[in-house]
Amino acid sequence: MLADIFTPDLFASAIRMATPLALAAIGGTICERSGIVNIALEGMMLFGAFMGVIGTMYTGSPWLGALIAMVSGMGLALVHAFASITLRTDQVVSGTAINILSLGLTGFLMEVIIGHPGTTDPVARLMPVFNINGPTEGVLGSVWRWVDTIVFSYTPIVYLAIIIAVVGQWALFRTRWGLRLRALGEHPRAADTVGISVIRGRYSAVIVSGALGGLAGANLTLEQVGSFTENMTNGRGFIALAANIFGRWTPAGSYLASLLFGFADALQIKLQLFRDVIKIPSQFFLMLPYVLTVIVLAGVVGRAVAPAAVGKPYEKG
Amino acid sequence: MPELKTEHSTSRLAAVLRELAVPLVSVAIAAIIGSIIMLIAGFDPLAAYAAMFKGAFGGGRQIGETMLRSTPLMFTGLAVAYGFRAGLFNIGAEGQLFMGGLSAAWLGIVLAGMPRPLNIILMLVAGAAIGAAWAFIPALLKAKVGAHEVITTMMFTYIGRYIVSWLVTGPLKAEGQIPQTNRLPVESTLPKMHEMLPFLTPSRVHLGFVVAIILAFFIWWVLKYTSLGYESRAVGYNPWASETGGISVSATTIKALCISGALAGLAGVTEVMGVHMRLFDQFSAGFGFTGIAVALLAKNNPIGVIAAAILFGGLSAGGGTMQLEADVPQKVILIIQALIIFLVAAEQIARWVIGWTDRRGATEHAG
């Protein structure tokens, strides 16, 4: 049975499941590194998922749909940035408002545009990037089956997420932009003193996180599912925040932590196929990623240190 | 957020009015933005609001329905407000509510045949206890390792929902096709209020409404006059100073989040005992999350929670009529709720509208 569970498909599925979490988690990393808490990633992802489908429906192109999803995420991010940076509102409360707004807006627009609540019709999806005809027979064939599934089977945003994690890691720790961003979250007063604009820096970080949240939503609808269902993000934005913490506020760490959650998700889906053998109710499998999140937070938070000024509004003094 | 000082009684009325101005103006702005959204989507906002008002307050039955829907929101609103007072954001009231409902659905059957007042008291106490228990692990993690309660209580909400989903489809499932528990015997239910107040006939409002209001006053008293309440507020106001002043921040954090969980658990109990008489997957219409809006609109004042819950209960009761008569999707209520949270939190907007550009006032309340 183990050979039936640990197939190449399980690992590929883990990477696919990790993608929306990783994109949102990296968004959270960039946002929190600048000093702004972004609880609204859940809502940005949901709004991106919806607008991606609507965009694809109207333009006929899932590529444009993904772009519209990103822009939609950025739109909500702008609201969060305005509230938490300019108005110095409590960032967690503003994020919660945006999550509820997104839930209401997607549900409302669904009924206005689609005409009914629930799930949209399927739309055109982003297709796997590679389509290589490798060997099918013998040892070579089974090796190729693993390689093809784990390396070459993915849709564009899955690869993009890996690129973003790598480039993001480099940019955050090896470029001037990254140094400045980290300064905003650690000691905004000092950053301000040496001439870095705290306001502008934080706005751009929040907006980048919105774009990543929207892209995560596009991955859900335009690559994984192919349609939009109300509240389909189902807490992924919060799991992504936990992944960001587990990854110690680094893009690469966020990606790797998301892989863990993605694997838990892939495993629970796989195990449900063996319900008759394992005899554990499906709800316990569905719980797995959430339980894992709590365990991860319990185990690492004490040792992981958040950016010093995160959550605190900055007032030019 | 929390304020430790008390005003002089002479300026009290003026202070109360000043406190009310921001929430009221915020609700008005939210309603206006809501109408703009409806106009853009091609609906008639005036017809929508008129239908909503009729559905919420148009007669005895409608008023009763509004009371019915405001009841769980008072409990969850109090839960979130108590947490906020102690500097904790209990975003997972929904999960604690689910566990409270679960305990009532189980205990109500076990207690069949016992006297009704005893059952009511036992079921309320048990629901509060399990709600507190469901908040305990997030509370412990917050106090001991600093895990953010927003993430942990949210995760416990999903876990709680799946546990309920499992129990109602499996071990606690009643005979038949529908995944739900057995109907509670009448001695394990809350009496309907129209038995005492006939003008509410035939609404479904139950005694839980009265329990919620009494509890709101009790929590107000606890916060204002007990050392428990004082410690909670002090920790919410300034944890470092509290620790220096001899208050254990971690113990207070754990107590406060558990009290918050207990209050949310009661919402689940009264929904099961008063409305559905049984438990099923979808028994809560997101009351835990709406409780956040209620608490914020009430500025975390327990008495204010009563009024805010009635407003949101009315929105929800009127939403059905609005959809039916003005054809506007009920989801617009969620949008209005979100706008209210946003505007109350970013109160400069309301102040600006009122014309209070007094900078001192704005910064004093922002902290």
# chains A, B, ... in the order shown; residues from 1 in each chain; ligands from 1
>>> interface_residues(of="chain B", to="chain A", cutoff="8 Å", atoms="only C-alpha atoms", output="CSV table (one decimal) with N, CA and C atoms, in the first residue's frame")
chain,number,residue,atom,x,y,z
B,41,ALA,N,-24.3,48.1,-9.4
B,41,ALA,CA,-24.7,46.8,-9.9
B,41,ALA,C,-26.1,46.8,-10.5
B,141,LEU,N,-0.6,28.8,24.0
B,141,LEU,CA,0.5,29.1,23.1
B,141,LEU,C,0.8,30.6,23.0
B,145,VAL,N,4.6,30.7,24.2
B,145,VAL,CA,5.6,30.9,23.1
B,145,VAL,C,5.3,32.1,22.2
B,146,GLY,N,4.2,32.8,22.5
B,146,GLY,CA,3.9,34.0,21.7
B,146,GLY,C,3.3,33.7,20.3
B,147,ALA,N,2.7,32.5,20.1
B,147,ALA,CA,2.0,32.2,18.8
B,147,ALA,C,0.8,33.1,18.7
B,151,ILE,N,-3.9,33.4,14.2
B,151,ILE,CA,-3.7,32.2,13.4
B,151,ILE,C,-4.2,31.0,14.2
B,152,THR,N,-3.8,30.9,15.5
B,152,THR,CA,-4.2,29.6,16.2
B,152,THR,C,-5.7,29.5,16.4
B,154,MET,N,-8.0,30.7,14.6
B,154,MET,CA,-8.6,30.4,13.3
B,154,MET,C,-8.4,29.0,12.9
B,155,MET,N,-7.2,28.4,13.2
B,155,MET,CA,-7.0,27.0,12.9
B,155,MET,C,-7.9,26.1,13.7
B,156,PHE,N,-8.1,26.5,15.0
B,156,PHE,CA,-9.0,25.7,15.9
B,156,PHE,C,-10.4,25.8,15.4
B,158,TYR,N,-11.3,25.8,12.2
B,158,TYR,CA,-11.4,24.7,11.1
B,158,TYR,C,-11.4,23.4,11.8
B,159,ILE,N,-10.6,23.2,12.8
B,159,ILE,CA,-10.5,21.8,13.4
B,159,ILE,C,-11.9,21.5,14.1
B,162,TYR,N,-14.6,20.6,11.5
B,162,TYR,CA,-14.4,19.2,11.0
B,162,TYR,C,-14.8,18.2,12.1
B,163,ILE,N,-14.6,18.5,13.3
B,163,ILE,CA,-15.0,17.6,14.4
B,163,ILE,C,-16.5,17.5,14.4
B,165,SER,N,-18.5,18.2,11.9
B,165,SER,CA,-18.9,17.6,10.7
B,165,SER,C,-18.8,16.0,10.8
B,166,TRP,N,-17.7,15.6,11.4
B,166,TRP,CA,-17.6,14.2,11.6
B,166,TRP,C,-18.6,13.6,12.5
B,329,PRO,N,-28.8,40.7,-3.8
B,329,PRO,CA,-28.2,39.6,-3.1
B,329,PRO,C,-27.9,40.0,-1.7
B,330,GLN,N,-28.2,39.0,-0.8
B,330,GLN,CA,-27.9,39.3,0.7
B,330,GLN,C,-26.5,39.5,1.0
B,331,LYS,N,-25.6,39.1,0.1
B,331,LYS,CA,-24.2,39.2,0.4
B,331,LYS,C,-23.7,40.7,0.6
B,332,VAL,N,-24.6,41.6,0.1
B,332,VAL,CA,-24.3,43.0,0.2
B,332,VAL,C,-24.2,43.4,1.7
B,333,ILE,N,-24.8,42.6,2.6
B,333,ILE,CA,-24.8,42.9,4.0
B,333,ILE,C,-23.3,42.6,4.5
B,334,LEU,N,-22.7,41.6,4.0
B,334,LEU,CA,-21.3,41.3,4.4
B,334,LEU,C,-20.4,42.5,4.0
B,335,ILE,N,-20.7,43.1,2.8
B,335,ILE,CA,-19.9,44.2,2.3
B,335,ILE,C,-20.1,45.4,3.3
B,337,GLN,N,-21.0,45.3,6.4
B,337,GLN,CA,-20.3,44.9,7.7
B,337,GLN,C,-18.9,45.2,7.6
B,338,ALA,N,-18.2,44.8,6.5
B,338,ALA,CA,-16.8,45.0,6.4
B,338,ALA,C,-16.5,46.5,6.4
B,339,LEU,N,-17.3,47.3,5.7
B,339,LEU,CA,-17.1,48.7,5.7
B,339,LEU,C,-17.3,49.3,7.1
B,341,ILE,N,-16.7,47.8,10.0
B,341,ILE,CA,-15.4,47.5,10.7
B,341,ILE,C,-14.3,48.5,10.3
B,342,PHE,N,-14.2,48.6,9.0
B,342,PHE,CA,-13.1,49.5,8.5
B,342,PHE,C,-13.2,50.9,9.0
B,345,ALA,N,-12.7,51.3,12.8
B,345,ALA,CA,-11.3,51.2,13.1
B,345,ALA,C,-10.5,52.4,12.6
B,346,ALA,N,-10.8,52.9,11.4
B,346,ALA,CA,-10.1,54.0,10.9
B,346,ALA,C,-11.0,55.3,11.1
B,348,GLN,N,-10.7,58.2,11.9
B,348,GLN,CA,-10.4,59.5,11.3
B,348,GLN,C,-11.4,59.9,10.2
B,366,ALA,N,-6.6,56.7,18.9
B,366,ALA,CA,-6.0,55.8,18.0
B,366,ALA,C,-5.1,54.7,18.7
>>> select_by_dssp(residues="range 190-326 of chain B", states="alpha helix (DSSP H)", output="MDAnalysis selection string")
chainID B and resid 208:225 227:237 239:244 249:270 287:297 302:326
>>> write_last_selection(atoms="C-alpha atoms", output="short mmCIF file (atom, residue, chain, number, x, y, z; two decimals), in the first residue's frame")
data_model
loop_
_atom_site.label_atom_id
_atom_site.label_comp_id
_atom_site.auth_asym_id
_atom_site.auth_seq_id
_atom_site.Cartn_x
_atom_site.Cartn_y
_atom_site.Cartn_z
CA GLY B 208 -31.32 33.21 25.13
CA PHE B 209 -31.93 36.85 24.18
CA VAL B 210 -32.55 37.72 27.84
CA VAL B 211 -29.59 35.61 28.97
CA ALA B 212 -27.37 37.51 26.52
CA ILE B 213 -28.49 40.91 27.79
CA ILE B 214 -27.99 39.94 31.43
CA LEU B 215 -24.56 38.61 30.53
CA ALA B 216 -23.66 41.86 28.77
CA PHE B 217 -24.35 43.79 31.97
CA PHE B 218 -22.44 41.17 33.96
CA ILE B 219 -19.37 41.46 31.71
CA TRP B 220 -19.59 45.25 31.92
CA TRP B 221 -19.55 44.91 35.72
CA VAL B 222 -16.67 42.42 35.64
CA LEU B 223 -14.58 44.71 33.46
CA LYS B 224 -15.32 47.80 35.49
CA TYR B 225 -15.44 46.64 39.09
CA SER B 227 -9.79 42.85 39.83
CA LEU B 228 -10.08 40.24 37.06
CA GLY B 229 -11.50 42.88 34.75
CA TYR B 230 -8.97 45.45 35.87
CA GLU B 231 -6.08 43.09 35.17
CA SER B 232 -7.47 42.21 31.75
CA ARG B 233 -7.78 45.87 30.81
CA ALA B 234 -4.37 46.72 32.23
CA VAL B 235 -2.69 43.96 30.21
CA GLY B 236 -4.55 45.07 27.09
CA TYR B 237 -3.53 48.65 27.71
CA PRO B 239 1.48 44.57 29.10
CA TRP B 240 4.96 45.75 30.11
CA ALA B 241 3.72 48.18 32.71
CA SER B 242 1.30 45.54 34.01
CA GLU B 243 4.06 43.00 34.43
CA THR B 244 6.14 45.59 36.28
CA VAL B 249 0.66 38.90 31.79
CA SER B 250 0.66 35.26 30.77
CA ALA B 251 -1.90 34.22 33.42
CA THR B 252 -4.14 37.14 32.53
CA THR B 253 -3.82 36.36 28.81
CA ILE B 254 -4.87 32.77 29.39
CA LYS B 255 -7.81 33.78 31.61
CA ALA B 256 -9.01 36.46 29.20
CA LEU B 257 -8.92 34.28 26.09
CA CYS B 258 -10.70 31.46 27.96
CA ILE B 259 -13.42 33.86 29.16
CA SER B 260 -13.75 35.02 25.57
CA GLY B 261 -14.05 31.40 24.46
CA ALA B 262 -16.67 30.69 27.12
CA LEU B 263 -18.81 33.60 25.90
CA ALA B 264 -18.55 32.39 22.31
CA GLY B 265 -19.41 28.85 23.40
CA LEU B 266 -22.68 30.15 24.84
CA ALA B 267 -23.66 31.41 21.39
CA GLY B 268 -23.49 27.84 20.13
CA VAL B 269 -25.44 26.51 23.11
CA THR B 270 -28.33 28.95 22.71
CA PHE B 287 -21.87 34.42 13.95
CA GLY B 288 -18.33 34.20 15.29
CA PHE B 289 -17.04 36.41 12.50
CA THR B 290 -19.92 38.86 12.64
CA GLY B 291 -19.14 39.10 16.36
CA ILE B 292 -15.91 40.87 15.39
CA ALA B 293 -17.90 43.56 13.62
CA VAL B 294 -20.25 43.80 16.59
CA ALA B 295 -17.41 44.24 19.08
CA LEU B 296 -15.63 46.83 16.97
CA LEU B 297 -18.78 48.83 16.34
CA PRO B 302 -20.36 45.35 26.65
CA ILE B 303 -23.46 47.56 26.77
CA GLY B 304 -22.65 48.84 23.29
CA VAL B 305 -22.48 45.21 22.16
CA ILE B 306 -26.23 44.90 22.83
CA ALA B 307 -27.02 47.76 20.46
CA ALA B 308 -24.50 46.70 17.81
CA ALA B 309 -25.79 43.11 17.89
CA ILE B 310 -29.36 44.32 17.41
CA LEU B 311 -28.22 46.38 14.41
CA PHE B 312 -26.46 43.42 12.81
CA GLY B 313 -29.30 41.09 13.80
CA GLY B 314 -31.65 43.48 12.02
CA LEU B 315 -29.42 43.55 8.93
CA SER B 316 -29.50 39.77 8.85
CA ALA B 317 -33.25 39.47 9.52
CA GLY B 318 -33.99 42.15 6.92
CA GLY B 319 -31.58 40.66 4.40
CA GLY B 320 -34.02 37.93 3.40
CA THR B 321 -36.82 40.41 2.78
CA MET B 322 -34.40 42.60 0.83
CA GLN B 323 -33.41 39.75 -1.44
CA LEU B 324 -37.04 38.72 -1.89
CA GLU B 325 -38.59 42.15 -2.51
CA ALA B 326 -35.77 44.27 -3.95
#
>>> residues_around(residues="range 10-13 of chain A", least_positions_apart="4", cutoff="8 Å", atoms="only C-alpha atoms", output="list in words")
Ile5, Phe6, Met17, Thr149, Ile150, Val151, Ser153, Gly262, Phe263, Ala266, Leu267 and Lys270 of chain A
>>> write_last_selection(atoms="N, CA and C atoms", output="mmCIF file, in the first residue's frame")
data_model
loop_
_atom_site.group_PDB
_atom_site.id
_atom_site.type_symbol
_atom_site.label_atom_id
_atom_site.label_comp_id
_atom_site.auth_asym_id
_atom_site.auth_seq_id
_atom_site.Cartn_x
_atom_site.Cartn_y
_atom_site.Cartn_z
ATOM 1 N N ILE A 5 0.696 4.834 -2.084
ATOM 2 C CA ILE A 5 0.546 6.198 -1.529
ATOM 3 C C ILE A 5 1.690 7.094 -1.987
ATOM 4 N N PHE A 6 2.925 6.615 -1.819
ATOM 5 C CA PHE A 6 4.071 7.466 -2.151
ATOM 6 C C PHE A 6 4.464 7.335 -3.612
ATOM 7 N N MET A 17 0.068 21.970 -4.398
ATOM 8 C CA MET A 17 -0.690 22.468 -3.244
ATOM 9 C C MET A 17 0.082 23.553 -2.492
ATOM 10 N N THR A 149 6.996 13.636 -13.843
ATOM 11 C CA THR A 149 5.928 14.062 -12.940
ATOM 12 C C THR A 149 6.410 15.113 -11.942
ATOM 13 N N ILE A 150 7.584 14.882 -11.366
ATOM 14 C CA ILE A 150 8.027 15.774 -10.289
ATOM 15 C C ILE A 150 8.665 17.054 -10.817
ATOM 16 N N VAL A 151 9.270 17.011 -12.008
ATOM 17 C CA VAL A 151 9.975 18.195 -12.511
ATOM 18 C C VAL A 151 9.226 18.919 -13.635
ATOM 19 N N SER A 153 5.883 18.541 -14.835
ATOM 20 C CA SER A 153 4.437 18.397 -15.029
ATOM 21 C C SER A 153 3.625 19.647 -14.710
ATOM 22 N N GLY A 262 1.842 21.894 1.990
ATOM 23 C CA GLY A 262 1.364 21.333 0.726
ATOM 24 C C GLY A 262 1.414 19.817 0.752
ATOM 25 N N PHE A 263 2.472 19.309 1.371
ATOM 26 C CA PHE A 263 2.601 17.861 1.454
ATOM 27 C C PHE A 263 1.499 17.281 2.343
ATOM 28 N N ALA A 266 -1.594 17.275 0.254
ATOM 29 C CA ALA A 266 -1.548 16.239 -0.787
ATOM 30 C C ALA A 266 -1.750 14.862 -0.177
ATOM 31 N N LEU A 267 -1.123 14.673 0.991
ATOM 32 C CA LEU A 267 -1.218 13.377 1.654
ATOM 33 C C LEU A 267 -2.650 13.098 2.100
ATOM 34 N N LYS A 270 -4.665 12.112 -0.857
ATOM 35 C CA LYS A 270 -4.294 10.764 -1.276
ATOM 36 C C LYS A 270 -4.875 9.702 -0.328
#
>>> atom_distance(atom1="CA of Gly108 in chain B", atom2="CA of Leu184 in chain B")
5.9 Å
>>> atom_distance(atom1="CA of Phe98 in chain B", atom2="CA of Arg161 in chain B")
6.6 Å
>>> atom_distance(atom1="CA of Tyr58 in chain A", atom2="CA of Val123 in chain A")
10.0 Å
>>> residues_around(residues="Met273 in chain B", least_positions_apart="2", cutoff="12 Å", atoms="only C-alpha atoms", output="PyMOL selection string")
chain B and resi 72+100-109+116+119-124+127+183-192+204-208+266-271+275-279+283
>>> residues_around(residues="Trp63 in chain A", least_positions_apart="5", cutoff="10 Å", atoms="only C-alpha atoms", output="ChimeraX atom specification")
/A:52,55-56,68-69,124-126,156,218,222
>>> write_last_selection(atoms="all heavy atoms", output="PDB file, in the first residue's frame")
ATOM      1  N   GLY A  52      -9.703  36.401 -11.264  1.00  0.00           N
ATOM      2  CA  GLY A  52      -9.008  35.618 -12.280  1.00  0.00           C
ATOM      3  C   GLY A  52      -9.998  34.894 -13.179  1.00  0.00           C
ATOM      4  O   GLY A  52      -9.867  34.893 -14.403  1.00  0.00           O
ATOM      5  N   GLY A  55     -11.980  37.542 -15.161  1.00  0.00           N
ATOM      6  CA  GLY A  55     -11.107  38.087 -16.204  1.00  0.00           C
ATOM      7  C   GLY A  55     -10.950  37.110 -17.363  1.00  0.00           C
ATOM      8  O   GLY A  55     -11.016  37.493 -18.532  1.00  0.00           O
ATOM      9  N   THR A  56     -10.764  35.842 -17.035  1.00  0.00           N
ATOM     10  CA  THR A  56     -10.611  34.824 -18.075  1.00  0.00           C
ATOM     11  C   THR A  56     -11.896  34.689 -18.880  1.00  0.00           C
ATOM     12  O   THR A  56     -11.879  34.532 -20.101  1.00  0.00           O
ATOM     13  CB  THR A  56     -10.252  33.470 -17.431  1.00  0.00           C
ATOM     14  OG1 THR A  56      -9.121  33.660 -16.600  1.00  0.00           O
ATOM     15  CG2 THR A  56      -9.946  32.428 -18.484  1.00  0.00           C
ATOM     16  N   ILE A  68      -5.172  40.017 -14.199  1.00  0.00           N
ATOM     17  CA  ILE A  68      -6.273  40.729 -13.544  1.00  0.00           C
ATOM     18  C   ILE A  68      -6.354  40.310 -12.064  1.00  0.00           C
ATOM     19  O   ILE A  68      -6.612  41.136 -11.191  1.00  0.00           O
ATOM     20  CB  ILE A  68      -7.598  40.454 -14.290  1.00  0.00           C
ATOM     21  CG1 ILE A  68      -7.563  41.167 -15.639  1.00  0.00           C
ATOM     22  CG2 ILE A  68      -8.807  40.924 -13.478  1.00  0.00           C
ATOM     23  CD1 ILE A  68      -8.658  40.759 -16.592  1.00  0.00           C
ATOM     24  N   ALA A  69      -6.097  39.043 -11.804  1.00  0.00           N
ATOM     25  CA  ALA A  69      -6.095  38.566 -10.416  1.00  0.00           C
ATOM     26  C   ALA A  69      -5.049  39.309  -9.594  1.00  0.00           C
ATOM     27  O   ALA A  69      -5.305  39.741  -8.468  1.00  0.00           O
ATOM     28  CB  ALA A  69      -5.827  37.064 -10.384  1.00  0.00           C
ATOM     29  N   ALA A 124     -11.264  28.608 -19.173  1.00  0.00           N
ATOM     30  CA  ALA A 124      -9.995  28.129 -19.747  1.00  0.00           C
ATOM     31  C   ALA A 124      -8.915  28.178 -18.681  1.00  0.00           C
ATOM     32  O   ALA A 124      -8.857  29.105 -17.896  1.00  0.00           O
ATOM     33  CB  ALA A 124      -9.612  28.999 -20.930  1.00  0.00           C
ATOM     34  N   ARG A 125      -8.068  27.158 -18.651  1.00  0.00           N
ATOM     35  CA  ARG A 125      -7.022  27.110 -17.630  1.00  0.00           C
ATOM     36  C   ARG A 125      -5.647  27.348 -18.221  1.00  0.00           C
ATOM     37  O   ARG A 125      -5.447  27.226 -19.431  1.00  0.00           O
ATOM     38  CB  ARG A 125      -7.000  25.722 -17.000  1.00  0.00           C
ATOM     39  CG  ARG A 125      -8.178  25.420 -16.159  1.00  0.00           C
ATOM     40  CD  ARG A 125      -7.765  24.369 -15.178  1.00  0.00           C
ATOM     41  NE  ARG A 125      -8.683  23.244 -15.173  1.00  0.00           N
ATOM     42  CZ  ARG A 125      -8.496  22.189 -14.378  1.00  0.00           C
ATOM     43  NH1 ARG A 125      -7.446  22.124 -13.614  1.00  0.00           N
ATOM     44  NH2 ARG A 125      -9.357  21.209 -14.397  1.00  0.00           N
ATOM     45  N   LEU A 126      -4.686  27.658 -17.348  1.00  0.00           N
ATOM     46  CA  LEU A 126      -3.289  27.686 -17.759  1.00  0.00           C
ATOM     47  C   LEU A 126      -2.809  26.242 -17.814  1.00  0.00           C
ATOM     48  O   LEU A 126      -2.985  25.481 -16.875  1.00  0.00           O
ATOM     49  CB  LEU A 126      -2.460  28.485 -16.754  1.00  0.00           C
ATOM     50  CG  LEU A 126      -2.697  29.996 -16.772  1.00  0.00           C
ATOM     51  CD1 LEU A 126      -2.056  30.647 -15.563  1.00  0.00           C
ATOM     52  CD2 LEU A 126      -2.155  30.614 -18.058  1.00  0.00           C
ATOM     53  N   PRO A 156       2.326  27.152 -15.311  1.00  0.00           N
ATOM     54  CA  PRO A 156       3.287  28.262 -15.210  1.00  0.00           C
ATOM     55  C   PRO A 156       3.464  28.859 -13.810  1.00  0.00           C
ATOM     56  O   PRO A 156       4.594  29.122 -13.388  1.00  0.00           O
ATOM     57  CB  PRO A 156       2.708  29.309 -16.166  1.00  0.00           C
ATOM     58  CG  PRO A 156       1.789  28.578 -17.062  1.00  0.00           C
ATOM     59  CD  PRO A 156       1.356  27.327 -16.391  1.00  0.00           C
ATOM     60  N   ALA A 218      -5.086  33.182  -8.353  1.00  0.00           N
ATOM     61  CA  ALA A 218      -5.131  32.762  -9.757  1.00  0.00           C
ATOM     62  C   ALA A 218      -4.652  31.328  -9.897  1.00  0.00           C
ATOM     63  O   ALA A 218      -5.190  30.555 -10.680  1.00  0.00           O
ATOM     64  CB  ALA A 218      -4.271  33.700 -10.603  1.00  0.00           C
ATOM     65  N   LEU A 222      -7.234  29.233 -11.745  1.00  0.00           N
ATOM     66  CA  LEU A 222      -6.880  29.103 -13.167  1.00  0.00           C
ATOM     67  C   LEU A 222      -5.937  27.938 -13.439  1.00  0.00           C
ATOM     68  O   LEU A 222      -5.698  27.581 -14.588  1.00  0.00           O
ATOM     69  CB  LEU A 222      -6.258  30.410 -13.681  1.00  0.00           C
ATOM     70  CG  LEU A 222      -7.185  31.624 -13.571  1.00  0.00           C
ATOM     71  CD1 LEU A 222      -6.490  32.883 -14.056  1.00  0.00           C
ATOM     72  CD2 LEU A 222      -8.481  31.384 -14.335  1.00  0.00           C
TER      73      LEU A 222
END
>>> residues_around(residues="Ala309 in chain A", least_positions_apart="6", cutoff="12 Å", atoms="only C-alpha atoms", output="list in words")
Cys31, Glu32, Arg33, Ser34, Gly35, Ile36, Val37, Leu181, Arg182, Ala183, Leu184, Gly185, Glu186, His187, Pro188, Arg189, Ala190, Ala191, Val198 and Arg202 of chain A
>>> write_last_selection(atoms="N, CA and C atoms", output="PDB file, in the first residue's frame")
ATOM      1  N   CYS A  31       5.685  41.893   3.218  1.00  0.00           N
ATOM      2  CA  CYS A  31       4.862  42.864   3.922  1.00  0.00           C
ATOM      3  C   CYS A  31       5.355  43.045   5.367  1.00  0.00           C
ATOM      4  N   GLU A  32       5.563  41.940   6.058  1.00  0.00           N
ATOM      5  CA  GLU A  32       5.953  42.040   7.466  1.00  0.00           C
ATOM      6  C   GLU A  32       7.386  42.542   7.624  1.00  0.00           C
ATOM      7  N   ARG A  33       8.245  42.248   6.643  1.00  0.00           N
ATOM      8  CA  ARG A  33       9.600  42.784   6.678  1.00  0.00           C
ATOM      9  C   ARG A  33       9.584  44.311   6.629  1.00  0.00           C
ATOM     10  N   SER A  34       8.526  44.856   6.003  1.00  0.00           N
ATOM     11  CA  SER A  34       8.429  46.315   5.930  1.00  0.00           C
ATOM     12  C   SER A  34       7.755  46.882   7.166  1.00  0.00           C
ATOM     13  N   GLY A  35       7.253  45.985   8.051  1.00  0.00           N
ATOM     14  CA  GLY A  35       6.640  46.461   9.288  1.00  0.00           C
ATOM     15  C   GLY A  35       5.132  46.432   9.306  1.00  0.00           C
ATOM     16  N   ILE A  36       4.510  45.873   8.260  1.00  0.00           N
ATOM     17  CA  ILE A  36       3.042  45.842   8.211  1.00  0.00           C
ATOM     18  C   ILE A  36       2.546  44.397   8.279  1.00  0.00           C
ATOM     19  N   VAL A  37       1.645  44.136   9.232  1.00  0.00           N
ATOM     20  CA  VAL A  37       1.031  42.810   9.334  1.00  0.00           C
ATOM     21  C   VAL A  37      -0.036  42.691   8.252  1.00  0.00           C
ATOM     22  N   LEU A 181      14.200  47.570   2.774  1.00  0.00           N
ATOM     23  CA  LEU A 181      12.931  46.990   3.205  1.00  0.00           C
ATOM     24  C   LEU A 181      13.048  46.466   4.638  1.00  0.00           C
ATOM     25  N   ARG A 182      14.162  45.756   4.900  1.00  0.00           N
ATOM     26  CA  ARG A 182      14.327  45.183   6.236  1.00  0.00           C
ATOM     27  C   ARG A 182      14.493  46.284   7.278  1.00  0.00           C
ATOM     28  N   ALA A 183      15.149  47.366   6.880  1.00  0.00           N
ATOM     29  CA  ALA A 183      15.326  48.484   7.809  1.00  0.00           C
ATOM     30  C   ALA A 183      13.975  49.059   8.234  1.00  0.00           C
ATOM     31  N   LEU A 184      13.026  49.099   7.280  1.00  0.00           N
ATOM     32  CA  LEU A 184      11.697  49.657   7.583  1.00  0.00           C
ATOM     33  C   LEU A 184      11.005  48.864   8.688  1.00  0.00           C
ATOM     34  N   GLY A 185      11.212  47.556   8.664  1.00  0.00           N
ATOM     35  CA  GLY A 185      10.528  46.715   9.636  1.00  0.00           C
ATOM     36  C   GLY A 185      11.276  46.606  10.958  1.00  0.00           C
ATOM     37  N   GLU A 186      12.587  46.850  10.915  1.00  0.00           N
ATOM     38  CA  GLU A 186      13.365  46.719  12.153  1.00  0.00           C
ATOM     39  C   GLU A 186      13.445  48.039  12.897  1.00  0.00           C
ATOM     40  N   HIS A 187      13.715  49.092  12.171  1.00  0.00           N
ATOM     41  CA  HIS A 187      13.908  50.382  12.822  1.00  0.00           C
ATOM     42  C   HIS A 187      13.531  51.513  11.863  1.00  0.00           C
ATOM     43  N   PRO A 188      12.224  51.744  11.716  1.00  0.00           N
ATOM     44  CA  PRO A 188      11.779  52.740  10.736  1.00  0.00           C
ATOM     45  C   PRO A 188      12.355  54.133  11.001  1.00  0.00           C
ATOM     46  N   ARG A 189      12.511  54.465  12.281  1.00  0.00           N
ATOM     47  CA  ARG A 189      13.034  55.804  12.612  1.00  0.00           C
ATOM     48  C   ARG A 189      14.427  55.979  12.018  1.00  0.00           C
ATOM     49  N   ALA A 190      15.251  54.939  12.196  1.00  0.00           N
ATOM     50  CA  ALA A 190      16.614  55.004  11.660  1.00  0.00           C
ATOM     51  C   ALA A 190      16.589  55.081  10.138  1.00  0.00           C
ATOM     52  N   ALA A 191      15.709  54.290   9.530  1.00  0.00           N
ATOM     53  CA  ALA A 191      15.604  54.306   8.067  1.00  0.00           C
ATOM     54  C   ALA A 191      15.226  55.707   7.601  1.00  0.00           C
ATOM     55  N   VAL A 198       9.768  55.928   4.649  1.00  0.00           N
ATOM     56  CA  VAL A 198       9.068  54.824   5.308  1.00  0.00           C
ATOM     57  C   VAL A 198       7.713  54.598   4.650  1.00  0.00           C
ATOM     58  N   ARG A 202       6.764  51.190   2.644  1.00  0.00           N
ATOM     59  CA  ARG A 202       5.744  50.304   3.179  1.00  0.00           C
ATOM     60  C   ARG A 202       4.593  50.137   2.194  1.00  0.00           C
TER      61      ARG A 202
END
